[in-house]
>>> print(open('start.pdb').read())   # PDB, C-alpha atoms
ATOM      1  CA  ILE K   1      -1.634  11.080 -21.825
ATOM      2  CA  VAL K   2      -0.303  10.866 -18.264
ATOM      3  CA  LEU K   3      -2.701   8.020 -17.444
ATOM      4  CA  LEU K   4      -1.759   5.980 -20.513
ATOM      5  CA  PRO K   5       0.561   3.594 -18.583
ATOM      6  CA  LEU K   6      -2.308   2.885 -16.182
ATOM      7  CA  ALA K   7      -4.817   2.092 -18.940
ATOM      8  CA  PRO K   8      -4.314  -1.713 -18.772
ATOM      9  CA  PHE K   9      -5.460  -1.638 -15.143
ATOM     10  CA  ALA K  10      -8.717   0.221 -15.863
ATOM     11  CA  PRO K  11     -10.880  -2.929 -16.222
ATOM     12  CA  PHE K  12      -9.590  -4.280 -12.905
ATOM     13  CA  VAL K  13     -10.239  -0.986 -11.130
ATOM     14  CA  ALA K  14     -13.736  -0.829 -12.628
ATOM     15  CA  LEU K  15     -14.439  -4.403 -11.485
ATOM     16  CA  LEU K  16     -13.077  -3.624  -8.028
ATOM     17  CA  ASN K  17     -15.388  -0.612  -7.757
ATOM     18  CA  VAL K  18     -18.459  -2.559  -8.943
ATOM     19  CA  ILE K  19     -18.116  -5.375  -6.402
ATOM     20  CA  PRO K  20     -19.390  -4.390  -2.953
ATOM     21  CA  PHE K  21     -16.466  -4.391  -0.511
ATOM     22  CA  GLY K  22     -14.196  -5.285  -3.448
ATOM     23  CA  SER K  23     -11.114  -3.584  -2.067
ATOM     24  CA  PHE K  24     -11.663  -5.213   1.336
ATOM     25  CA  ILE K  25     -11.965  -8.635  -0.306
ATOM     26  CA  VAL K  26      -8.707  -8.052  -2.218
ATOM     27  CA  PHE K  27      -7.058  -6.903   1.023
ATOM     28  CA  LEU K  28      -8.112 -10.082   2.830
ATOM     29  CA  GLY K  29      -7.031 -12.211  -0.134
ATOM     30  CA  LEU K  30      -3.576 -10.637  -0.270
ATOM     31  CA  SER K  31      -3.201 -10.864   3.485
ATOM     32  CA  SER K  32      -4.039 -14.554   3.643
ATOM     33  CA  ALA K  33      -2.114 -15.475   0.464
ATOM     34  CA  SER K  34       1.021 -13.788   1.783
ATOM     35  CA  ARG K  35       1.105 -16.379   4.549
ATOM     36  CA  ASN K  36       0.849 -19.346   2.170
ATOM     37  CA  PRO K  37       4.221 -21.172   2.334
ATOM     38  CA  GLU K  38       3.554 -22.858  -1.031
ATOM     39  CA  LEU K  39       3.999 -19.537  -2.836
ATOM     40  CA  PRO K  40       7.525 -18.307  -3.543
ATOM     41  CA  ARG K  41       8.952 -16.124  -0.777
ATOM     42  CA  PHE K  42       9.539 -13.304  -3.263
ATOM     43  CA  VAL K  43       5.818 -13.185  -4.121
ATOM     44  CA  ARG K  44       4.718 -13.438  -0.498
ATOM     45  CA  PHE K  45       7.068 -10.599   0.469
ATOM     46  CA  SER K  46       5.654  -8.314  -2.244
ATOM     47  CA  MET K  47       2.073  -9.170  -1.295
ATOM     48  CA  GLN K  48       2.769  -8.452   2.369
ATOM     49  CA  GLN K  49       4.326  -5.100   1.456
ATOM     50  CA  ALA K  50       1.196  -4.251  -0.537
ATOM     51  CA  VAL K  51      -0.945  -5.083   2.495
ATOM     52  CA  LEU K  52       1.219  -2.944   4.777
ATOM     53  CA  LEU K  53       1.199  -0.003   2.349
ATOM     54  CA  ASP K  54      -2.594  -0.276   2.230
ATOM     55  CA  ILE K  55      -2.696  -0.188   6.024
ATOM     56  CA  ALA K  56      -0.355   2.826   6.010
ATOM     57  CA  LEU K  57      -2.883   4.667   3.839
ATOM     58  CA  ILE K  58      -5.537   4.240   6.520
ATOM     59  CA  PHE K  59      -3.772   6.496   9.033
ATOM     60  CA  PRO K  60      -4.050   9.812   7.135
ATOM     61  CA  GLN K  61      -7.751   9.171   6.561
ATOM     62  CA  LEU K  62      -8.200   8.212  10.208
ATOM     63  CA  PHE K  63      -6.525  11.411  11.405
ATOM     64  CA  GLN K  64      -8.561  13.482   8.978
ATOM     65  CA  GLN K  65     -11.839  12.001  10.222
ATOM     66  CA  LEU K  66     -10.811  12.181  13.871
ATOM     67  CA  PHE K  67      -9.748  15.813  13.768
ATOM     68  CA  GLY K  68     -12.643  16.714  11.468
ATOM     69  CA  ALA K  69     -15.081  15.390  14.068
ATOM     70  CA  LEU K  70     -13.367  17.407  16.787
ATOM     71  CA  THR K  71     -13.578  20.540  14.634
ATOM     72  CA  VAL K  72      -9.846  21.056  15.043
ATOM     73  CA  LYS K  73      -8.557  23.083  12.128
ATOM     74  CA  PHE K  74      -4.966  22.612  11.075
ATOM     75  CA  PRO K  75      -3.324  25.266   8.948
ATOM     76  CA  GLU K  76      -3.224  24.524   5.224
ATOM     77  CA  ALA K  77       0.547  25.082   5.366
ATOM     78  CA  LEU K  78       0.721  21.856   7.417
ATOM     79  CA  VAL K  79      -2.029  19.805   5.782
ATOM     80  CA  GLU K  80      -0.955  20.202   2.158
ATOM     81  CA  PRO K  81       2.704  19.145   2.593
ATOM     82  CA  ALA K  82       1.628  16.204   4.778
ATOM     83  CA  SER K  83      -0.838  15.027   2.134
ATOM     84  CA  SER K  84       1.763  15.449  -0.588
ATOM     85  CA  PHE K  85       4.322  13.502   1.461
ATOM     86  CA  VAL K  86       1.959  10.552   1.887
ATOM     87  CA  PHE K  87       1.139  10.560  -1.841
ATOM     88  CA  PHE K  88       4.793  10.747  -2.913
ATOM     89  CA  PHE K  89       5.891   8.114  -0.398
ATOM     90  CA  ILE K  90       3.302   5.620  -1.633
ATOM     91  CA  THR K  91       4.003   6.452  -5.298
ATOM     92  CA  VAL K  92       7.773   6.098  -4.913
ATOM     93  CA  SER K  93       7.316   2.885  -2.917
ATOM     94  CA  ILE K  94       5.166   1.376  -5.662
ATOM     95  CA  LEU K  95       7.566   2.444  -8.417
ATOM     96  CA  TYR K  96      10.537   1.111  -6.455
ATOM     97  CA  SER K  97       8.788  -2.213  -5.808
ATOM     98  CA  CYS K  98       7.767  -2.625  -9.454
ATOM     99  CA  GLY K  99      11.287  -1.778 -10.635
ATOM    100  CA  SER K 100      12.919  -4.148  -8.154
ATOM    101  CA  ASN K 101      10.534  -6.945  -9.072
ATOM    102  CA  ALA K 102      11.213  -6.381 -12.772
ATOM    103  CA  LEU K 103      14.949  -6.699 -12.079
ATOM    104  CA  GLY K 104      14.400  -9.863 -10.022
ATOM    105  CA  LYS K 105      15.487  -8.258  -6.751
ATOM    106  CA  PRO K 106      13.437  -8.154  -3.560
ATOM    107  CA  PRO K 107      12.140  -4.625  -2.869
ATOM    108  CA  ASN K 108      13.425  -4.652   0.701
ATOM    109  CA  GLN K 109      14.597  -1.042   1.092
ATOM    110  CA  ILE K 110      11.306   0.698   1.923
ATOM    111  CA  PRO K 111      11.694   2.179   5.420
ATOM    112  CA  VAL K 112       9.579   0.488   8.118
ATOM    113  CA  ILE K 113       7.384  -1.345   5.568
ATOM    114  CA  SER K 114      10.079  -3.761   4.345
ATOM    115  CA  ALA K 115      11.177  -4.699   7.850
ATOM    116  CA  ALA K 116       7.588  -5.331   8.907
ATOM    117  CA  ALA K 117       6.923  -7.431   5.784
ATOM    118  CA  GLU K 118      10.117  -9.416   6.394
ATOM    119  CA  GLN K 119       9.093 -10.101   9.983
ATOM    120  CA  SER K 120       5.551 -10.991   8.993
ATOM    121  CA  ILE K 121       6.358 -13.657   6.388
ATOM    122  CA  GLY K 122       9.164 -15.221   8.407
ATOM    123  CA  PRO K 123      12.519 -16.628   7.357
ATOM    124  CA  PHE K 124      11.183 -19.237   4.922
TER     125      PHE K 124
END
>>> encode(input="start.pdb", output="structure tokens")
Amino acid sequence: IVLLPLAPFAPFVALLNVIPFGSFIVFLGLSSASRNPELPRFVRFSMQQAVLLDIALIFPQLFQQLFGALTVKFPEALVEPASSFVFFFITVSILYSCGSNALGKPPNQIPVISAAAEQSIGPF
């Protein structure tokens, strides 16, 4: 029942998982399309934020693999809250962006991400 709102996206997720390097292809597509001046600025800004949020998700995985290879063990009291923070930050960012887009407002209040997206797409 919790996943019911996500049900319309299931075919797209399945297709993305079937295509080799599907998520990487979508990443490259969003990244290049966000720099297309023919698209509305509002759309380019949202696409660039999606790209930057995807990049932000790389860092926890990178740290996990790096410290896992070094056999450095962090206490669970540190790892669990950090993982939860990343999950909640991304979830709240996505909900905020969807809500702002639905209201016709630019979702430009996400710390660090919005400023970087604004700088990346330029003033026009």
>>> atom_distance(input="start.pdb", atom1="atom CA of Ala116 of chain K", atom2="atom CA of Met47 of chain K")
12.2 Å
>>> residues_around(input="start.pdb", residues="Phe89 of chain K", least_positions_apart="6", cutoff="10 Å", atoms="all atoms listed in the file", output="short mmCIF file (atom, residue, chain, number, x, y, z; two decimals) with C-alpha atoms, in the frame of the given file")
data_model
loop_
_atom_site.label_atom_id
_atom_site.label_comp_id
_atom_site.auth_asym_id
_atom_site.auth_seq_id
_atom_site.Cartn_x
_atom_site.Cartn_y
_atom_site.Cartn_z
CA LEU K 53 1.20 0.00 2.35
CA SER K 83 -0.84 15.03 2.13
CA LEU K 95 7.57 2.44 -8.42
CA ILE K 110 11.31 0.70 1.92
#
>>> resolve_selection(input="start.pdb", expression="the PyMOL selection byres ((chain K and resi 108) around 12)", output="list of chain:residue names")
K:Phe42, K:Phe45, K:Ser46, K:Gln48, K:Gln49, K:Ser93, K:Tyr96, K:Ser97, K:Cys98, K:Gly99, K:Ser100, K:Asn101, K:Gly104, K:Lys105, K:Pro106, K:Pro107, K:Gln109, K:Ile110, K:Pro111, K:Val112, K:Ile113, K:Ser114, K:Ala115, K:Ala116, K:Ala117, K:Glu118, K:Gln119
>>> closest_residue(input="start.pdb", among="K:Ala77, K:Leu52, K:Ile90, K:Ala7", to="Ser34 of chain K", atoms="only C-alpha atoms")
K:Leu52
>>> atom_distance(input="start.pdb", atom1="atom CA of Phe74 of chain K", atom2="atom CA of Leu62 of chain K")
14.8 Å
>>> closest_residue(input="start.pdb", among="K:Val51, K:Leu66, K:Ile94, K:Leu78", to="Ser120 of chain K", atoms="all atoms listed in the file")
K:Val51
>>> resolve_selection(input="start.pdb", expression="the PyMOL selection byres ((chain K and resi 16-32) around 9)", output="NGL selection string")
:K and (11-15 or 33-36 or 44 or 47-48 or 50-51 or 54)
>>> atom_distance(input="start.pdb", atom1="atom CA of Arg41 of chain K", atom2="atom CA of Ala56 of chain K")
22.2 Å
>>> build_atoms(input="start.pdb", residues="segment 23-34 of chain K", atoms="all heavy atoms", output="compact mmCIF listing (two decimals), in the coordinates of the input")
# COMPACT_ATOMS: atom_id res chain seq x y z
N SER K 23 -12.47 -3.85 -2.54
CA SER K 23 -11.11 -3.58 -2.07
C SER K 23 -10.83 -4.32 -0.76
O SER K 23 -9.71 -4.78 -0.52
CB SER K 23 -10.87 -2.09 -1.91
OG SER K 23 -11.80 -1.53 -1.01
N PHE K 24 -11.84 -4.47 0.08
CA PHE K 24 -11.66 -5.21 1.34
C PHE K 24 -11.43 -6.70 1.06
O PHE K 24 -10.60 -7.34 1.71
CB PHE K 24 -12.88 -5.01 2.25
CG PHE K 24 -12.74 -5.67 3.59
CD1 PHE K 24 -11.77 -5.26 4.48
CD2 PHE K 24 -13.59 -6.69 3.96
CE1 PHE K 24 -11.63 -5.86 5.72
CE2 PHE K 24 -13.47 -7.30 5.19
CZ PHE K 24 -12.49 -6.88 6.08
N ILE K 25 -12.14 -7.23 0.08
CA ILE K 25 -11.96 -8.64 -0.31
C ILE K 25 -10.56 -8.86 -0.85
O ILE K 25 -9.90 -9.85 -0.51
CB ILE K 25 -13.04 -9.05 -1.32
CG1 ILE K 25 -14.42 -9.05 -0.65
CG2 ILE K 25 -12.74 -10.42 -1.93
CD1 ILE K 25 -15.58 -9.16 -1.61
N VAL K 26 -10.07 -7.94 -1.69
CA VAL K 26 -8.71 -8.05 -2.22
C VAL K 26 -7.70 -7.95 -1.08
O VAL K 26 -6.71 -8.69 -1.04
CB VAL K 26 -8.45 -6.98 -3.30
CG1 VAL K 26 -6.98 -6.92 -3.67
CG2 VAL K 26 -9.30 -7.26 -4.52
N PHE K 27 -7.94 -7.05 -0.14
CA PHE K 27 -7.06 -6.90 1.02
C PHE K 27 -6.97 -8.21 1.81
O PHE K 27 -5.87 -8.67 2.15
CB PHE K 27 -7.56 -5.77 1.93
CG PHE K 27 -6.80 -5.62 3.21
CD1 PHE K 27 -5.61 -4.93 3.23
CD2 PHE K 27 -7.27 -6.19 4.39
CE1 PHE K 27 -4.89 -4.79 4.41
CE2 PHE K 27 -6.56 -6.06 5.56
CZ PHE K 27 -5.38 -5.35 5.57
N LEU K 28 -8.10 -8.82 2.10
CA LEU K 28 -8.11 -10.08 2.83
C LEU K 28 -7.44 -11.19 2.03
O LEU K 28 -6.71 -12.02 2.59
CB LEU K 28 -9.54 -10.49 3.19
CG LEU K 28 -10.24 -9.64 4.24
CD1 LEU K 28 -11.67 -10.11 4.44
CD2 LEU K 28 -9.48 -9.68 5.55
N GLY K 29 -7.66 -11.21 0.72
CA GLY K 29 -7.03 -12.21 -0.13
C GLY K 29 -5.52 -12.08 -0.15
O GLY K 29 -4.80 -13.08 -0.02
N LEU K 30 -5.03 -10.86 -0.29
CA LEU K 30 -3.58 -10.64 -0.27
C LEU K 30 -2.98 -10.98 1.09
O LEU K 30 -1.91 -11.57 1.19
CB LEU K 30 -3.25 -9.19 -0.61
CG LEU K 30 -3.29 -8.79 -2.08
CD1 LEU K 30 -3.08 -7.29 -2.22
CD2 LEU K 30 -2.24 -9.54 -2.86
N SER K 31 -3.69 -10.61 2.14
CA SER K 31 -3.20 -10.86 3.48
C SER K 31 -3.09 -12.36 3.76
O SER K 31 -2.08 -12.83 4.30
CB SER K 31 -4.14 -10.21 4.50
OG SER K 31 -3.65 -10.37 5.80
N SER K 32 -4.09 -13.11 3.38
CA SER K 32 -4.04 -14.55 3.64
C SER K 32 -3.09 -15.26 2.68
O SER K 32 -2.38 -16.20 3.07
CB SER K 32 -5.44 -15.17 3.57
OG SER K 32 -5.96 -15.04 2.27
N ALA K 33 -3.01 -14.84 1.44
CA ALA K 33 -2.11 -15.48 0.46
C ALA K 33 -0.65 -15.21 0.80
O ALA K 33 0.22 -16.03 0.50
CB ALA K 33 -2.42 -14.99 -0.95
N SER K 34 -0.37 -14.09 1.44
CA SER K 34 1.02 -13.79 1.78
C SER K 34 1.56 -14.71 2.87
O SER K 34 2.76 -14.77 3.09
CB SER K 34 1.17 -12.33 2.22
OG SER K 34 0.54 -12.11 3.46
